[in-house]
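Have a look at the structure below, then the notes.
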Amino acid sequence: MSTASTHLPEGRYGRSGDERADRKLKIIGSVLGVALLILIGWFAYYYVGGNKISAEVISFDTSADSVKVHLEVRKDADAEGYCTIRSQAEDGAEVGRRDFRFDQNATRIDKVVTLRTTSPGTTAELLGCHAD
């Protein structure tokens, strides 16, 4: 004796409920994935394109009451803004902090700035630059 098959014939009664649910999940996942990529792209553009001023400390020279910092600033020619520099003592305490403005129309500025300190500083740290 043979047993009759209980499976439905292929393609005769349409899709099963699981296949429809899988398709909906794929569509929802694709939409969310595209939205996430757009969000990441927007943040990347804002971070790279929005920062019109960047700088780095080339060297610094310390003394008893000040730190002379050689900065190299790169910016758009029409950008105006400032860079914040701080100095710390040997024990890590902050002994000086100041904002230095850069309003020139040049795209690259080399400048030595003097940061006054309350006690001898051992570092010169660029905290960041911001456009107006």
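Residues are named by chain letter and number: chains run A, B, ... in the order of the structure tokens, numbers start at 1 in each chain, and ligands are numbered from 1 in the order shown.
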
Among chain A, which residues carry a DSSP assignment of alpha helix (DSSP H), reported as a PDB file with all heavy atoms, in the first residue's frame?
```pdb
ATOM      1  N   GLY A  17       1.684  31.985   3.473  1.00  0.00           N
ATOM      2  CA  GLY A  17       1.779  33.147   4.364  1.00  0.00           C
ATOM      3  C   GLY A  17       3.213  33.465   4.738  1.00  0.00           C
ATOM      4  O   GLY A  17       3.579  34.630   4.898  1.00  0.00           O
ATOM      5  N   ASP A  18       4.047  32.445   4.882  1.00  0.00           N
ATOM      6  CA  ASP A  18       5.450  32.680   5.237  1.00  0.00           C
ATOM      7  C   ASP A  18       6.183  33.415   4.132  1.00  0.00           C
ATOM      8  O   ASP A  18       7.008  34.294   4.390  1.00  0.00           O
ATOM      9  CB  ASP A  18       6.156  31.352   5.526  1.00  0.00           C
ATOM     10  CG  ASP A  18       5.698  30.731   6.834  1.00  0.00           C
ATOM     11  OD1 ASP A  18       5.149  31.477   7.665  1.00  0.00           O
ATOM     12  OD2 ASP A  18       5.899  29.513   7.010  1.00  0.00           O
ATOM     13  N   GLU A  19       5.905  33.089   2.884  1.00  0.00           N
ATOM     14  CA  GLU A  19       6.577  33.762   1.768  1.00  0.00           C
ATOM     15  C   GLU A  19       6.182  35.233   1.705  1.00  0.00           C
ATOM     16  O   GLU A  19       7.004  36.089   1.424  1.00  0.00           O
ATOM     17  CB  GLU A  19       6.243  33.056   0.463  1.00  0.00           C
ATOM     18  CG  GLU A  19       6.910  31.694   0.317  1.00  0.00           C
ATOM     19  CD  GLU A  19       6.474  30.978  -0.954  1.00  0.00           C
ATOM     20  OE1 GLU A  19       5.508  31.448  -1.609  1.00  0.00           O
ATOM     21  OE2 GLU A  19       7.086  29.961  -1.268  1.00  0.00           O
ATOM     22  N   ARG A  20       4.921  35.523   1.955  1.00  0.00           N
ATOM     23  CA  ARG A  20       4.473  36.921   1.966  1.00  0.00           C
ATOM     24  C   ARG A  20       5.129  37.688   3.106  1.00  0.00           C
ATOM     25  O   ARG A  20       5.559  38.823   2.944  1.00  0.00           O
ATOM     26  CB  ARG A  20       2.952  36.973   2.102  1.00  0.00           C
ATOM     27  CG  ARG A  20       2.257  36.815   0.778  1.00  0.00           C
ATOM     28  CD  ARG A  20       0.753  37.054   0.914  1.00  0.00           C
ATOM     29  NE  ARG A  20       0.142  35.814   0.424  1.00  0.00           N
ATOM     30  CZ  ARG A  20      -0.671  35.058   1.114  1.00  0.00           C
ATOM     31  NH1 ARG A  20      -1.027  35.380   2.334  1.00  0.00           N
ATOM     32  NH2 ARG A  20      -1.174  33.960   0.588  1.00  0.00           N
ATOM     33  N   ALA A  21       5.235  37.072   4.272  1.00  0.00           N
ATOM     34  CA  ALA A  21       5.878  37.723   5.417  1.00  0.00           C
ATOM     35  C   ALA A  21       7.364  37.938   5.138  1.00  0.00           C
ATOM     36  O   ALA A  21       7.912  38.991   5.482  1.00  0.00           O
ATOM     37  CB  ALA A  21       5.692  36.888   6.678  1.00  0.00           C
ATOM     38  N   ASP A  22       8.024  36.960   4.506  1.00  0.00           N
ATOM     39  CA  ASP A  22       9.439  37.119   4.168  1.00  0.00           C
ATOM     40  C   ASP A  22       9.647  38.285   3.204  1.00  0.00           C
ATOM     41  O   ASP A  22      10.591  39.060   3.337  1.00  0.00           O
ATOM     42  CB  ASP A  22       9.994  35.837   3.542  1.00  0.00           C
ATOM     43  CG  ASP A  22      10.181  34.730   4.569  1.00  0.00           C
ATOM     44  OD1 ASP A  22      10.142  35.034   5.772  1.00  0.00           O
ATOM     45  OD2 ASP A  22      10.375  33.566   4.140  1.00  0.00           O
ATOM     46  N   ARG A  23       8.760  38.427   2.238  1.00  0.00           N
ATOM     47  CA  ARG A  23       8.890  39.517   1.268  1.00  0.00           C
ATOM     48  C   ARG A  23       8.716  40.867   1.955  1.00  0.00           C
ATOM     49  O   ARG A  23       9.457  41.808   1.693  1.00  0.00           O
ATOM     50  CB  ARG A  23       7.849  39.349   0.165  1.00  0.00           C
ATOM     51  CG  ARG A  23       7.994  40.390  -0.907  1.00  0.00           C
ATOM     52  CD  ARG A  23       7.248  40.013  -2.157  1.00  0.00           C
ATOM     53  NE  ARG A  23       7.595  40.927  -3.212  1.00  0.00           N
ATOM     54  CZ  ARG A  23       6.749  41.797  -3.740  1.00  0.00           C
ATOM     55  NH1 ARG A  23       5.494  41.842  -3.332  1.00  0.00           N
ATOM     56  NH2 ARG A  23       7.143  42.608  -4.694  1.00  0.00           N
ATOM     57  N   LYS A  24       7.742  40.970   2.858  1.00  0.00           N
ATOM     58  CA  LYS A  24       7.532  42.226   3.587  1.00  0.00           C
ATOM     59  C   LYS A  24       8.747  42.565   4.438  1.00  0.00           C
ATOM     60  O   LYS A  24       9.171  43.720   4.504  1.00  0.00           O
ATOM     61  CB  LYS A  24       6.287  42.134   4.469  1.00  0.00           C
ATOM     62  CG  LYS A  24       4.997  42.208   3.716  1.00  0.00           C
ATOM     63  CD  LYS A  24       3.808  42.125   4.663  1.00  0.00           C
ATOM     64  CE  LYS A  24       2.504  42.109   3.895  1.00  0.00           C
ATOM     65  NZ  LYS A  24       1.347  41.967   4.781  1.00  0.00           N
ATOM     66  N   LEU A  25       9.322  41.563   5.100  1.00  0.00           N
ATOM     67  CA  LEU A  25      10.516  41.812   5.915  1.00  0.00           C
ATOM     68  C   LEU A  25      11.698  42.248   5.066  1.00  0.00           C
ATOM     69  O   LEU A  25      12.484  43.111   5.472  1.00  0.00           O
ATOM     70  CB  LEU A  25      10.867  40.560   6.728  1.00  0.00           C
ATOM     71  CG  LEU A  25       9.949  40.261   7.915  1.00  0.00           C
ATOM     72  CD1 LEU A  25      10.329  38.933   8.552  1.00  0.00           C
ATOM     73  CD2 LEU A  25      10.010  41.377   8.931  1.00  0.00           C
ATOM     74  N   LYS A  26      11.847  41.675   3.891  1.00  0.00           N
ATOM     75  CA  LYS A  26      12.931  42.082   2.984  1.00  0.00           C
ATOM     76  C   LYS A  26      12.759  43.530   2.543  1.00  0.00           C
ATOM     77  O   LYS A  26      13.723  44.299   2.501  1.00  0.00           O
ATOM     78  CB  LYS A  26      12.984  41.167   1.771  1.00  0.00           C
ATOM     79  CG  LYS A  26      13.546  39.801   2.065  1.00  0.00           C
ATOM     80  CD  LYS A  26      13.546  38.946   0.819  1.00  0.00           C
ATOM     81  CE  LYS A  26      14.017  37.530   1.128  1.00  0.00           C
ATOM     82  NZ  LYS A  26      13.962  36.658  -0.050  1.00  0.00           N
ATOM     83  N   ILE A  27      11.523  43.918   2.233  1.00  0.00           N
ATOM     84  CA  ILE A  27      11.259  45.298   1.813  1.00  0.00           C
ATOM     85  C   ILE A  27      11.528  46.262   2.965  1.00  0.00           C
ATOM     86  O   ILE A  27      12.194  47.295   2.790  1.00  0.00           O
ATOM     87  CB  ILE A  27       9.814  45.435   1.292  1.00  0.00           C
ATOM     88  CG1 ILE A  27       9.669  44.689  -0.032  1.00  0.00           C
ATOM     89  CG2 ILE A  27       9.433  46.904   1.130  1.00  0.00           C
ATOM     90  CD1 ILE A  27       8.239  44.587  -0.519  1.00  0.00           C
ATOM     91  N   ILE A  28      11.037  45.940   4.147  1.00  0.00           N
ATOM     92  CA  ILE A  28      11.260  46.805   5.318  1.00  0.00           C
ATOM     93  C   ILE A  28      12.747  46.898   5.635  1.00  0.00           C
ATOM     94  O   ILE A  28      13.272  47.985   5.903  1.00  0.00           O
ATOM     95  CB  ILE A  28      10.464  46.287   6.534  1.00  0.00           C
ATOM     96  CG1 ILE A  28       8.965  46.485   6.306  1.00  0.00           C
ATOM     97  CG2 ILE A  28      10.902  46.991   7.820  1.00  0.00           C
ATOM     98  CD1 ILE A  28       8.089  45.814   7.335  1.00  0.00           C
ATOM     99  N   GLY A  29      13.457  45.780   5.580  1.00  0.00           N
ATOM    100  CA  GLY A  29      14.904  45.790   5.829  1.00  0.00           C
ATOM    101  C   GLY A  29      15.653  46.622   4.813  1.00  0.00           C
ATOM    102  O   GLY A  29      16.583  47.358   5.150  1.00  0.00           O
ATOM    103  N   SER A  30      15.247  46.528   3.544  1.00  0.00           N
ATOM    104  CA  SER A  30      15.904  47.320   2.495  1.00  0.00           C
ATOM    105  C   SER A  30      15.680  48.807   2.709  1.00  0.00           C
ATOM    106  O   SER A  30      16.604  49.616   2.582  1.00  0.00           O
ATOM    107  CB  SER A  30      15.375  46.914   1.119  1.00  0.00           C
ATOM    108  OG  SER A  30      15.675  45.574   0.846  1.00  0.00           O
ATOM    109  N   VAL A  31      14.452  49.189   3.037  1.00  0.00           N
ATOM    110  CA  VAL A  31      14.137  50.607   3.276  1.00  0.00           C
ATOM    111  C   VAL A  31      14.928  51.127   4.472  1.00  0.00           C
ATOM    112  O   VAL A  31      15.517  52.218   4.420  1.00  0.00           O
ATOM    113  CB  VAL A  31      12.615  50.796   3.480  1.00  0.00           C
ATOM    114  CG1 VAL A  31      12.298  52.190   3.986  1.00  0.00           C
ATOM    115  CG2 VAL A  31      11.877  50.532   2.176  1.00  0.00           C
ATOM    116  N   LEU A  32      14.978  50.375   5.551  1.00  0.00           N
ATOM    117  CA  LEU A  32      15.739  50.809   6.730  1.00  0.00           C
ATOM    118  C   LEU A  32      17.229  50.874   6.436  1.00  0.00           C
ATOM    119  O   LEU A  32      17.931  51.772   6.903  1.00  0.00           O
ATOM    120  CB  LEU A  32      15.466  49.881   7.915  1.00  0.00           C
ATOM    121  CG  LEU A  32      14.066  49.980   8.526  1.00  0.00           C
ATOM    122  CD1 LEU A  32      13.894  48.930   9.622  1.00  0.00           C
ATOM    123  CD2 LEU A  32      13.812  51.362   9.062  1.00  0.00           C
ATOM    124  N   GLY A  33      17.744  49.936   5.644  1.00  0.00           N
ATOM    125  CA  GLY A  33      19.162  49.953   5.268  1.00  0.00           C
ATOM    126  C   GLY A  33      19.514  51.180   4.447  1.00  0.00           C
ATOM    127  O   GLY A  33      20.533  51.828   4.673  1.00  0.00           O
ATOM    128  N   VAL A  34      18.661  51.520   3.482  1.00  0.00           N
ATOM    129  CA  VAL A  34      18.894  52.711   2.665  1.00  0.00           C
ATOM    130  C   VAL A  34      18.824  53.968   3.537  1.00  0.00           C
ATOM    131  O   VAL A  34      19.647  54.881   3.396  1.00  0.00           O
ATOM    132  CB  VAL A  34      17.887  52.773   1.494  1.00  0.00           C
ATOM    133  CG1 VAL A  34      17.902  54.120   0.805  1.00  0.00           C
ATOM    134  CG2 VAL A  34      18.193  51.660   0.485  1.00  0.00           C
ATOM    135  N   ALA A  35      17.870  54.028   4.447  1.00  0.00           N
ATOM    136  CA  ALA A  35      17.751  55.183   5.345  1.00  0.00           C
ATOM    137  C   ALA A  35      19.002  55.328   6.213  1.00  0.00           C
ATOM    138  O   ALA A  35      19.494  56.443   6.432  1.00  0.00           O
ATOM    139  CB  ALA A  35      16.512  55.061   6.212  1.00  0.00           C
ATOM    140  N   LEU A  36      19.528  54.208   6.702  1.00  0.00           N
ATOM    141  CA  LEU A  36      20.744  54.256   7.509  1.00  0.00           C
ATOM    142  C   LEU A  36      21.933  54.744   6.694  1.00  0.00           C
ATOM    143  O   LEU A  36      22.732  55.564   7.166  1.00  0.00           O
ATOM    144  CB  LEU A  36      21.032  52.877   8.107  1.00  0.00           C
ATOM    145  CG  LEU A  36      22.275  52.772   8.980  1.00  0.00           C
ATOM    146  CD1 LEU A  36      22.121  53.634  10.225  1.00  0.00           C
ATOM    147  CD2 LEU A  36      22.546  51.337   9.360  1.00  0.00           C
ATOM    148  N   LEU A  37      22.067  54.277   5.455  1.00  0.00           N
ATOM    149  CA  LEU A  37      23.157  54.744   4.595  1.00  0.00           C
ATOM    150  C   LEU A  37      23.050  56.235   4.307  1.00  0.00           C
ATOM    151  O   LEU A  37      24.055  56.955   4.298  1.00  0.00           O
ATOM    152  CB  LEU A  37      23.177  53.953   3.292  1.00  0.00           C
ATOM    153  CG  LEU A  37      23.682  52.525   3.385  1.00  0.00           C
ATOM    154  CD1 LEU A  37      23.525  51.816   2.052  1.00  0.00           C
ATOM    155  CD2 LEU A  37      25.142  52.498   3.835  1.00  0.00           C
ATOM    156  N   ILE A  38      21.835  56.724   4.080  1.00  0.00           N
ATOM    157  CA  ILE A  38      21.641  58.161   3.849  1.00  0.00           C
ATOM    158  C   ILE A  38      22.022  58.954   5.091  1.00  0.00           C
ATOM    159  O   ILE A  38      22.688  59.991   5.003  1.00  0.00           O
ATOM    160  CB  ILE A  38      20.187  58.440   3.416  1.00  0.00           C
ATOM    161  CG1 ILE A  38      19.955  57.897   2.009  1.00  0.00           C
ATOM    162  CG2 ILE A  38      19.865  59.924   3.489  1.00  0.00           C
ATOM    163  CD1 ILE A  38      18.512  57.930   1.565  1.00  0.00           C
ATOM    164  N   LEU A  39      21.646  58.486   6.263  1.00  0.00           N
ATOM    165  CA  LEU A  39      21.978  59.167   7.517  1.00  0.00           C
ATOM    166  C   LEU A  39      23.488  59.204   7.741  1.00  0.00           C
ATOM    167  O   LEU A  39      24.046  60.248   8.102  1.00  0.00           O
ATOM    168  CB  LEU A  39      21.276  58.481   8.685  1.00  0.00           C
ATOM    169  CG  LEU A  39      21.426  59.139  10.055  1.00  0.00           C
ATOM    170  CD1 LEU A  39      20.736  60.495  10.054  1.00  0.00           C
ATOM    171  CD2 LEU A  39      20.853  58.256  11.133  1.00  0.00           C
ATOM    172  N   ILE A  40      24.167  58.100   7.517  1.00  0.00           N
ATOM    173  CA  ILE A  40      25.628  58.058   7.666  1.00  0.00           C
ATOM    174  C   ILE A  40      26.291  58.999   6.668  1.00  0.00           C
ATOM    175  O   ILE A  40      27.228  59.728   7.005  1.00  0.00           O
ATOM    176  CB  ILE A  40      26.141  56.615   7.511  1.00  0.00           C
ATOM    177  CG1 ILE A  40      25.726  55.783   8.725  1.00  0.00           C
ATOM    178  CG2 ILE A  40      27.658  56.583   7.341  1.00  0.00           C
ATOM    179  CD1 ILE A  40      26.003  54.298   8.575  1.00  0.00           C
ATOM    180  N   GLY A  41      25.798  59.024   5.436  1.00  0.00           N
ATOM    181  CA  GLY A  41      26.342  59.932   4.424  1.00  0.00           C
ATOM    182  C   GLY A  41      26.158  61.393   4.798  1.00  0.00           C
ATOM    183  O   GLY A  41      27.051  62.213   4.602  1.00  0.00           O
ATOM    184  N   TRP A  42      24.993  61.709   5.349  1.00  0.00           N
ATOM    185  CA  TRP A  42      24.741  63.091   5.752  1.00  0.00           C
ATOM    186  C   TRP A  42      25.684  63.511   6.880  1.00  0.00           C
ATOM    187  O   TRP A  42      26.242  64.603   6.853  1.00  0.00           O
ATOM    188  CB  TRP A  42      23.288  63.242   6.188  1.00  0.00           C
ATOM    189  CG  TRP A  42      22.940  64.657   6.536  1.00  0.00           C
ATOM    190  CD1 TRP A  42      22.694  65.685   5.693  1.00  0.00           C
ATOM    191  CD2 TRP A  42      22.841  65.195   7.857  1.00  0.00           C
ATOM    192  NE1 TRP A  42      22.424  66.824   6.397  1.00  0.00           N
ATOM    193  CE2 TRP A  42      22.514  66.559   7.731  1.00  0.00           C
ATOM    194  CE3 TRP A  42      22.990  64.645   9.126  1.00  0.00           C
ATOM    195  CZ2 TRP A  42      22.344  67.379   8.824  1.00  0.00           C
ATOM    196  CZ3 TRP A  42      22.806  65.474  10.215  1.00  0.00           C
ATOM    197  CH2 TRP A  42      22.485  66.825  10.053  1.00  0.00           C
ATOM    198  N   PHE A  43      25.866  62.639   7.890  1.00  0.00           N
ATOM    199  CA  PHE A  43      26.794  62.955   8.978  1.00  0.00           C
ATOM    200  C   PHE A  43      28.220  63.102   8.457  1.00  0.00           C
ATOM    201  O   PHE A  43      28.952  63.994   8.888  1.00  0.00           O
ATOM    202  CB  PHE A  43      26.738  61.892  10.074  1.00  0.00           C
ATOM    203  CG  PHE A  43      25.593  62.059  11.025  1.00  0.00           C
ATOM    204  CD1 PHE A  43      24.691  61.024  11.210  1.00  0.00           C
ATOM    205  CD2 PHE A  43      25.396  63.229  11.718  1.00  0.00           C
ATOM    206  CE1 PHE A  43      23.621  61.163  12.085  1.00  0.00           C
ATOM    207  CE2 PHE A  43      24.338  63.392  12.592  1.00  0.00           C
ATOM    208  CZ  PHE A  43      23.442  62.349  12.776  1.00  0.00           C
ATOM    209  N   ALA A  44      28.640  62.241   7.552  1.00  0.00           N
ATOM    210  CA  ALA A  44      29.994  62.321   6.998  1.00  0.00           C
ATOM    211  C   ALA A  44      30.174  63.626   6.228  1.00  0.00           C
ATOM    212  O   ALA A  44      31.198  64.304   6.367  1.00  0.00           O
ATOM    213  CB  ALA A  44      30.274  61.119   6.099  1.00  0.00           C
ATOM    214  N   TYR A  45      29.200  64.003   5.417  1.00  0.00           N
ATOM    215  CA  TYR A  45      29.292  65.255   4.669  1.00  0.00           C
ATOM    216  C   TYR A  45      29.350  66.447   5.607  1.00  0.00           C
ATOM    217  O   TYR A  45      30.138  67.361   5.417  1.00  0.00           O
ATOM    218  CB  TYR A  45      28.108  65.399   3.719  1.00  0.00           C
ATOM    219  CG  TYR A  45      28.091  66.725   3.012  1.00  0.00           C
ATOM    220  CD1 TYR A  45      28.951  66.974   1.951  1.00  0.00           C
ATOM    221  CD2 TYR A  45      27.240  67.741   3.427  1.00  0.00           C
ATOM    222  CE1 TYR A  45      28.948  68.206   1.314  1.00  0.00           C
ATOM    223  CE2 TYR A  45      27.235  68.969   2.804  1.00  0.00           C
ATOM    224  CZ  TYR A  45      28.084  69.196   1.743  1.00  0.00           C
ATOM    225  OH  TYR A  45      28.090  70.414   1.127  1.00  0.00           O
ATOM    226  N   TYR A  46      28.513  66.441   6.629  1.00  0.00           N
ATOM    227  CA  TYR A  46      28.502  67.546   7.585  1.00  0.00           C
ATOM    228  C   TYR A  46      29.839  67.646   8.303  1.00  0.00           C
ATOM    229  O   TYR A  46      30.361  68.732   8.501  1.00  0.00           O
ATOM    230  CB  TYR A  46      27.368  67.365   8.588  1.00  0.00           C
ATOM    231  CG  TYR A  46      27.328  68.449   9.644  1.00  0.00           C
ATOM    232  CD1 TYR A  46      26.827  69.707   9.347  1.00  0.00           C
ATOM    233  CD2 TYR A  46      27.805  68.217  10.922  1.00  0.00           C
ATOM    234  CE1 TYR A  46      26.800  70.704  10.305  1.00  0.00           C
ATOM    235  CE2 TYR A  46      27.782  69.206  11.883  1.00  0.00           C
ATOM    236  CZ  TYR A  46      27.282  70.452  11.568  1.00  0.00           C
ATOM    237  OH  TYR A  46      27.268  71.436  12.507  1.00  0.00           O
ATOM    238  N   TYR A  47      30.418  66.516   8.695  1.00  0.00           N
ATOM    239  CA  TYR A  47      31.681  66.526   9.425  1.00  0.00           C
ATOM    240  C   TYR A  47      32.821  67.004   8.536  1.00  0.00           C
ATOM    241  O   TYR A  47      33.614  67.843   8.925  1.00  0.00           O
ATOM    242  CB  TYR A  47      31.989  65.136   9.976  1.00  0.00           C
ATOM    243  CG  TYR A  47      33.296  65.081  10.726  1.00  0.00           C
ATOM    244  CD1 TYR A  47      33.411  65.614  11.997  1.00  0.00           C
ATOM    245  CD2 TYR A  47      34.424  64.514  10.154  1.00  0.00           C
ATOM    246  CE1 TYR A  47      34.598  65.595  12.685  1.00  0.00           C
ATOM    247  CE2 TYR A  47      35.627  64.480  10.830  1.00  0.00           C
ATOM    248  CZ  TYR A  47      35.705  65.012  12.094  1.00  0.00           C
ATOM    249  OH  TYR A  47      36.895  64.989  12.763  1.00  0.00           O
ATOM    250  N   VAL A  48      32.912  66.490   7.333  1.00  0.00           N
ATOM    251  CA  VAL A  48      34.017  66.852   6.439  1.00  0.00           C
ATOM    252  C   VAL A  48      33.786  68.218   5.804  1.00  0.00           C
ATOM    253  O   VAL A  48      34.665  69.065   5.774  1.00  0.00           O
ATOM    254  CB  VAL A  48      34.216  65.771   5.354  1.00  0.00           C
ATOM    255  CG1 VAL A  48      35.233  66.209   4.330  1.00  0.00           C
ATOM    256  CG2 VAL A  48      34.624  64.462   5.994  1.00  0.00           C
ATOM    257  N   GLY A  49      32.600  68.434   5.282  1.00  0.00           N
ATOM    258  CA  GLY A  49      32.314  69.680   4.587  1.00  0.00           C
ATOM    259  C   GLY A  49      32.045  70.846   5.511  1.00  0.00           C
ATOM    260  O   GLY A  49      32.268  72.000   5.155  1.00  0.00           O
ATOM    261  N   GLY A  50      31.557  70.582   6.698  1.00  0.00           N
ATOM    262  CA  GLY A  50      31.206  71.656   7.621  1.00  0.00           C
ATOM    263  C   GLY A  50      32.388  72.236   8.366  1.00  0.00           C
ATOM    264  O   GLY A  50      32.322  73.325   8.888  1.00  0.00           O
TER     265      GLY A  50
END
```

Can you pull out the residues contacting A:Leu126? Cut-off 7 Å, using only C-alpha atoms, and skip same-chain residues under 3 positions away; I want them as a VMD selection string. chain A and resid 56 to 57 84 to 86

A:Val112, A:Ala55, A:Cys83, A:Ala131 ranked by distance to A:His70, top pick (using only C-alpha atoms):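 Closest to A:His70 of all the choices is A:Val112.
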
Backbone DSSP call of strand (DSSP E) for stretch 43-117 of chain A, listed as a PyMOL selection string: chain A and resi 53-62+66-75+81-88+94-102+108-116

Taking C-alpha atoms for each residue, export the selection above as a short mmCIF file (atom, residue, chain, number, x, y, z; two decimals), in the first residue's frame.
```cif
data_model
loop_
_atom_site.label_atom_id
_atom_site.label_comp_id
_atom_site.auth_asym_id
_atom_site.auth_seq_id
_atom_site.Cartn_x
_atom_site.Cartn_y
_atom_site.Cartn_z
CA ILE A 53 39.09 75.46 9.60
CA SER A 54 41.68 72.91 10.63
CA ALA A 55 45.02 73.39 12.34
CA GLU A 56 47.91 71.61 13.94
CA VAL A 57 50.58 72.48 16.47
CA ILE A 58 53.95 72.44 14.74
CA SER A 59 56.03 73.16 17.83
CA PHE A 60 55.87 74.91 21.19
CA ASP A 61 58.32 76.53 23.58
CA THR A 62 57.61 76.81 27.29
CA SER A 66 53.82 81.50 28.93
CA VAL A 67 53.93 78.98 26.10
CA LYS A 68 54.76 80.06 22.55
CA VAL A 69 52.89 77.89 20.08
CA HIS A 70 53.64 77.62 16.36
CA LEU A 71 50.32 76.90 14.63
CA GLU A 72 49.63 76.00 11.04
CA VAL A 73 46.02 76.83 10.14
CA ARG A 74 44.34 75.64 6.93
CA LYS A 75 40.99 77.13 5.99
CA GLY A 81 37.01 81.64 13.05
CA TYR A 82 39.16 80.72 16.00
CA CYS A 83 41.26 77.92 17.43
CA THR A 84 41.40 77.01 21.12
CA ILE A 85 44.73 76.11 22.71
CA ARG A 86 45.43 74.99 26.25
CA SER A 87 48.50 74.20 28.31
CA GLN A 88 48.85 71.83 31.22
CA GLU A 94 45.29 73.20 33.21
CA VAL A 95 47.40 76.35 33.56
CA GLY A 96 46.24 78.28 30.50
CA ARG A 97 43.58 78.33 27.80
CA ARG A 98 42.85 80.86 25.07
CA ASP A 99 41.07 81.31 21.76
CA PHE A 100 43.07 82.74 18.86
CA ARG A 101 41.18 84.35 15.94
CA PHE A 102 42.13 83.90 12.31
CA ARG A 108 47.18 78.65 4.93
CA ILE A 109 48.44 80.63 7.92
CA ASP A 110 51.63 79.96 9.90
CA LYS A 111 51.57 81.92 13.13
CA VAL A 112 53.35 81.86 16.47
CA VAL A 113 50.93 82.73 19.26
CA THR A 114 51.69 83.27 22.94
CA LEU A 115 49.54 81.59 25.58
CA ARG A 116 49.89 83.13 29.05
#
```

Distance of atom CA of A:Cys129 from atom CA of A:Ala79, expressed in Å to one decimal place: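 Computing it gives 11.5 Å between the two atoms.
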